[in-house]
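One file, final-v6.cif, is given below (mmCIF, C-alpha atoms).
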data_coords
loop_
_atom_site.label_atom_id
_atom_site.label_comp_id
_atom_site.auth_asym_id
_atom_site.auth_seq_id
_atom_site.Cartn_x
_atom_site.Cartn_y
_atom_site.Cartn_z
CA MET A 6 -48.25 -21.61 34.85
CA ASP A 7 -51.71 -22.12 33.31
CA LYS A 8 -52.44 -19.27 30.91
CA THR A 9 -56.01 -18.94 32.21
CA THR A 10 -54.70 -18.14 35.73
CA ALA A 11 -51.86 -15.83 34.64
CA LEU A 12 -54.02 -12.70 34.87
CA ASP A 13 -55.18 -13.66 38.36
CA ASN A 14 -51.54 -13.82 39.44
CA VAL A 15 -51.06 -10.24 38.22
CA LEU A 16 -54.27 -9.08 39.89
CA GLN A 17 -53.03 -10.47 43.22
CA GLN A 18 -50.10 -8.04 43.00
CA ALA A 19 -52.21 -5.03 41.92
CA HIS A 20 -52.77 -2.18 44.35
CA VAL A 21 -54.83 0.05 42.05
CA VAL A 22 -56.77 -0.53 38.85
CA GLN A 23 -57.52 2.40 36.55
CA VAL A 24 -60.69 1.80 34.54
CA GLY A 25 -61.71 3.79 31.48
CA SER A 26 -63.60 3.65 28.22
CA VAL A 27 -61.51 2.56 25.24
CA ASN A 28 -63.13 5.07 22.89
CA GLY A 29 -62.98 7.90 25.44
CA ALA A 30 -66.74 8.42 25.26
CA GLY A 31 -67.35 7.36 28.86
CA ALA A 32 -68.68 10.16 31.06
CA GLY A 33 -66.43 11.05 33.98
CA GLY A 34 -63.17 9.82 32.46
CA GLU A 35 -61.08 7.19 34.17
CA ILE A 36 -62.04 5.62 37.48
CA PRO A 37 -59.31 4.60 39.93
CA VAL A 38 -60.20 1.68 42.22
CA ASP A 39 -58.13 0.93 45.31
CA LEU A 40 -57.46 -2.81 45.53
CA SER A 41 -55.65 -2.70 48.88
CA ASP A 42 -58.85 -3.99 50.52
CA PRO A 43 -58.66 -7.79 50.15
CA ALA A 44 -62.45 -8.03 49.62
CA GLU A 45 -62.34 -5.51 46.76
CA SER A 46 -59.40 -7.29 45.20
CA ALA A 47 -61.17 -10.64 45.49
CA ARG A 48 -64.31 -9.26 43.81
CA LEU A 49 -62.32 -8.00 40.82
CA ARG A 50 -60.30 -11.22 40.60
CA MET A 51 -63.49 -13.28 40.57
CA ALA A 52 -65.06 -10.97 37.97
CA MET A 53 -61.99 -11.23 35.72
CA ALA A 54 -61.67 -15.01 36.01
CA VAL A 55 -60.89 -16.57 32.64
CA GLU A 56 -62.35 -19.84 31.42
CA LEU A 57 -60.43 -20.51 28.21
CA LEU A 58 -58.31 -19.13 25.41
CA PRO A 59 -60.07 -20.31 22.24
CA GLY A 60 -57.63 -18.84 19.71
CA PHE A 61 -60.04 -16.07 18.65
CA ARG A 62 -59.35 -12.31 18.52
CA CYS A 63 -62.19 -9.83 18.21
CA MET A 64 -61.63 -7.31 15.42
CA CYS A 65 -62.71 -4.25 17.46
CA LEU A 66 -60.62 -2.17 19.88
CA GLY A 67 -62.76 -3.19 22.86
CA ASP A 68 -64.99 -1.35 25.29
CA VAL A 69 -63.27 -0.89 28.67
CA ARG A 70 -59.58 -0.69 29.53
CA PHE A 71 -58.23 -1.89 32.88
CA GLU A 72 -54.71 -0.82 33.85
CA MET A 73 -53.30 -2.51 36.95
CA PHE A 74 -50.59 -0.84 39.03
CA ASP A 75 -48.50 -2.09 41.94
CA ARG A 76 -47.88 -0.21 45.21
CA SER A 77 -45.03 1.81 43.70
CA GLY A 78 -47.18 2.93 40.76
CA ASP A 79 -45.55 0.70 38.16
CA ARG A 80 -47.94 -0.68 35.57
CA LEU A 81 -48.37 -4.43 35.84
CA ALA A 82 -50.81 -5.01 32.99
CA ALA A 83 -53.34 -3.44 30.64
CA VAL A 84 -56.39 -5.54 29.79
CA VAL A 85 -59.34 -4.68 27.54
CA LEU A 86 -62.89 -5.97 27.90
CA HIS A 87 -64.68 -6.90 24.65
CA HIS A 88 -68.49 -7.08 24.48
CA GLY A 89 -68.83 -8.16 28.10
CA VAL A 90 -67.58 -11.66 27.36
CA THR A 91 -63.86 -11.65 26.53
CA LEU A 92 -60.64 -9.99 27.69
CA ARG A 93 -57.57 -9.08 25.66
CA TRP A 94 -54.15 -8.99 27.29
CA GLY A 95 -50.81 -8.78 25.54
CA GLN A 96 -49.57 -11.90 27.35
CA TRP A 97 -52.15 -14.06 25.56
CA GLU A 98 -52.09 -15.04 21.90
CA SER A 99 -55.90 -14.76 21.73
CA ASP A 100 -58.77 -13.14 23.58
CA ALA A 101 -59.83 -15.01 26.72
CA VAL A 102 -63.41 -15.97 27.51
CA LEU A 103 -64.58 -14.83 30.94
CA VAL A 104 -66.09 -17.41 33.29
CA ASP A 105 -69.00 -14.99 33.87
CA GLY A 106 -68.91 -11.72 31.95
CA ARG A 107 -71.92 -10.41 33.87
CA LEU A 108 -69.84 -10.37 37.06
CA LEU A 109 -67.36 -7.98 35.47
CA LEU A 110 -70.16 -5.85 34.02
CA ALA A 111 -71.80 -5.69 37.46
CA TRP A 112 -68.44 -4.78 39.02
CA LEU A 113 -68.09 -1.92 36.53
CA ASP A 114 -71.66 -0.78 37.20
CA GLY A 115 -70.97 -0.77 40.94
CA HIS A 116 -67.91 1.42 40.40
CA GLY A 117 -69.64 4.14 38.41
CA MET A 118 -69.46 2.73 34.90
CA PRO A 119 -72.98 1.46 34.03
CA GLY A 120 -72.60 1.86 30.26
CA PRO A 121 -71.06 -1.53 29.46
CA MET A 122 -73.87 -3.40 31.29
CA ARG A 123 -76.52 -1.30 29.54
CA GLN A 124 -74.86 -1.90 26.18
CA PHE A 125 -74.63 -5.65 26.83
CA GLU A 126 -78.30 -5.87 27.89
CA ALA A 127 -79.43 -3.80 24.90
CA GLY A 128 -77.51 -6.12 22.59
CA ARG A 129 -79.12 -9.17 24.19
CA LEU A 130 -82.60 -7.69 23.76
CA ILE A 131 -81.95 -6.92 20.11
CA LEU A 132 -80.79 -10.48 19.50
CA GLN A 133 -83.80 -11.91 21.33
CA CYS A 134 -86.27 -9.72 19.45
CA ASP A 135 -84.78 -9.44 15.98
CA PHE A 136 -83.28 -12.81 15.20
CA VAL A 137 -84.35 -16.41 15.09
CA ILE A 138 -81.42 -18.79 15.31
CA TYR A 139 -81.51 -22.08 13.44
CA PRO A 140 -78.73 -24.11 15.09
CA VAL A 141 -79.04 -27.11 12.77
CA GLU A 142 -78.38 -25.06 9.64
CA GLY A 143 -76.22 -22.52 11.49
CA LEU A 144 -78.21 -19.68 9.91
CA ALA A 145 -79.78 -16.58 11.39
CA SER A 146 -82.95 -15.20 9.86
CA ARG A 147 -84.25 -11.70 10.55
CA ARG A 148 -87.86 -11.46 11.71
CA TRP A 149 -89.99 -9.00 9.79
#

Whole structure, structure tokens version:
Amino acid sequence: MDKTTALDNVLQQAHVVQVGSVNGAGAGGEIPVDLSDPAESARLRMAMAVELLPGFRCMCLGDVRFEMFDRSGDRLAAVVLHHGVTLRWGQWESDAVLVDGRLLLAWLDGHGMPGPMRQFEAGRLILQCDFVIYPVEGLASRRW
């Protein structure tokens, strides 16, 4: 089995996903999402689609935790979103790059967790406003 599709195989079996902030700072606690509706399941599967496993592991604990459970309530997997662009799962040797991290951020926003999208957008604005990237030299220079 291709490692980039392994998570999708687990998601196909999931009946419920429990979503919560890794640091516990998210308002409202954990959010359960019923995946018994095939359309809802398909949206999450598309949002969590993985493009590649580059051999990189982020040093932080992550932002959002997804715990997938089957119909009997047994946990199938726990996956953590990092910075809106990668996922960490214990079955992979590295973090996995999402095909489109914005899809997962939008999915979270639509299920009552707007913080990750806001944080991602704020980070993008800071990078656009505060840094000039010089790709040839590989250097970043702060604008004053």

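Coordinates place atom CA of A:Arg62 at a distance of 27.0 Å from atom CA of A:Val21.
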
Please determine, counting only C-alpha atoms, which residue among A:Gly115, A:Gly95, A:Gly67, A:Gly128 has the shortest atom-to-atom distance to A:Leu49. A:Gly115

Answer key for the PyMOL selection byres ((chain A and resi 108) around 9), residues as a VMD selection string: chain A and resid 48 to 49 51 to 53 104 to 107 109 to 113

Take the residues just selected and output them with C-alpha atoms as a PDB file, keeping the file's coordinate frame.
ATOM      1  CA  ARG A  48     -64.310  -9.260  43.810  1.00  0.00           C
ATOM      2  CA  LEU A  49     -62.320  -8.000  40.820  1.00  0.00           C
ATOM      3  CA  MET A  51     -63.490 -13.280  40.570  1.00  0.00           C
ATOM      4  CA  ALA A  52     -65.060 -10.970  37.970  1.00  0.00           C
ATOM      5  CA  MET A  53     -61.990 -11.230  35.720  1.00  0.00           C
ATOM      6  CA  VAL A 104     -66.090 -17.410  33.290  1.00  0.00           C
ATOM      7  CA  ASP A 105     -69.000 -14.990  33.870  1.00  0.00           C
ATOM      8  CA  GLY A 106     -68.910 -11.720  31.950  1.00  0.00           C
ATOM      9  CA  ARG A 107     -71.920 -10.410  33.870  1.00  0.00           C
ATOM     10  CA  LEU A 109     -67.360  -7.980  35.470  1.00  0.00           C
ATOM     11  CA  LEU A 110     -70.160  -5.850  34.020  1.00  0.00           C
ATOM     12  CA  ALA A 111     -71.800  -5.690  37.460  1.00  0.00           C
ATOM     13  CA  TRP A 112     -68.440  -4.780  39.020  1.00  0.00           C
ATOM     14  CA  LEU A 113     -68.090  -1.920  36.530  1.00  0.00           C
TER      15      LEU A 113
END

When distances are computed from only C-alpha atoms, which of A:Ala19, A:Leu12, A:Ala101, A:Met118 shows the smallest separation from A:Ser77? A:Ala19

For the structure shown, which residues end up in the PyMOL selection byres ((chain A and resi 22-27) around 6)? Put them as a PyMOL selection string, please? chain A and resi 21+28-29+31+35-38+68-73

May I ask for the distance between atom CA of A:Phe125 and atom CA of A:Ala54, given in Å to one decimal place?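 So the two atoms, atom CA of A:Phe125 and atom CA of A:Ala54, lie 18.4 Å apart.
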
Which one is closest to A:Asp7: A:Gly117, A:Met64, A:Gly89, A:Leu58? Count all atoms listed in the file.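 Selected residue with least distance to A:Asp7: A:Leu58.
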
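The shortest atom-to-atom distance to A:Gln17, with all atoms listed in the file taken into account, belongs to A:Asp75 out of A:Asp75, A:Glu56, A:Glu126, A:Asp100.
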
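Considering the residues A:Leu40, A:Ala47, A:Val90, A:Leu66 and counting all atoms listed in the file, A:Val102 has its shortest atom-to-atom contact with A:Val90.
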
So the first atom is atom CA of A:Gly120 and the second is atom CA of A:Asp13; what is the distance between them in Å, to one decimal place?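 Atom-to-atom, atom CA of A:Gly120 and atom CA of A:Asp13 are spaced 24.7 Å apart.
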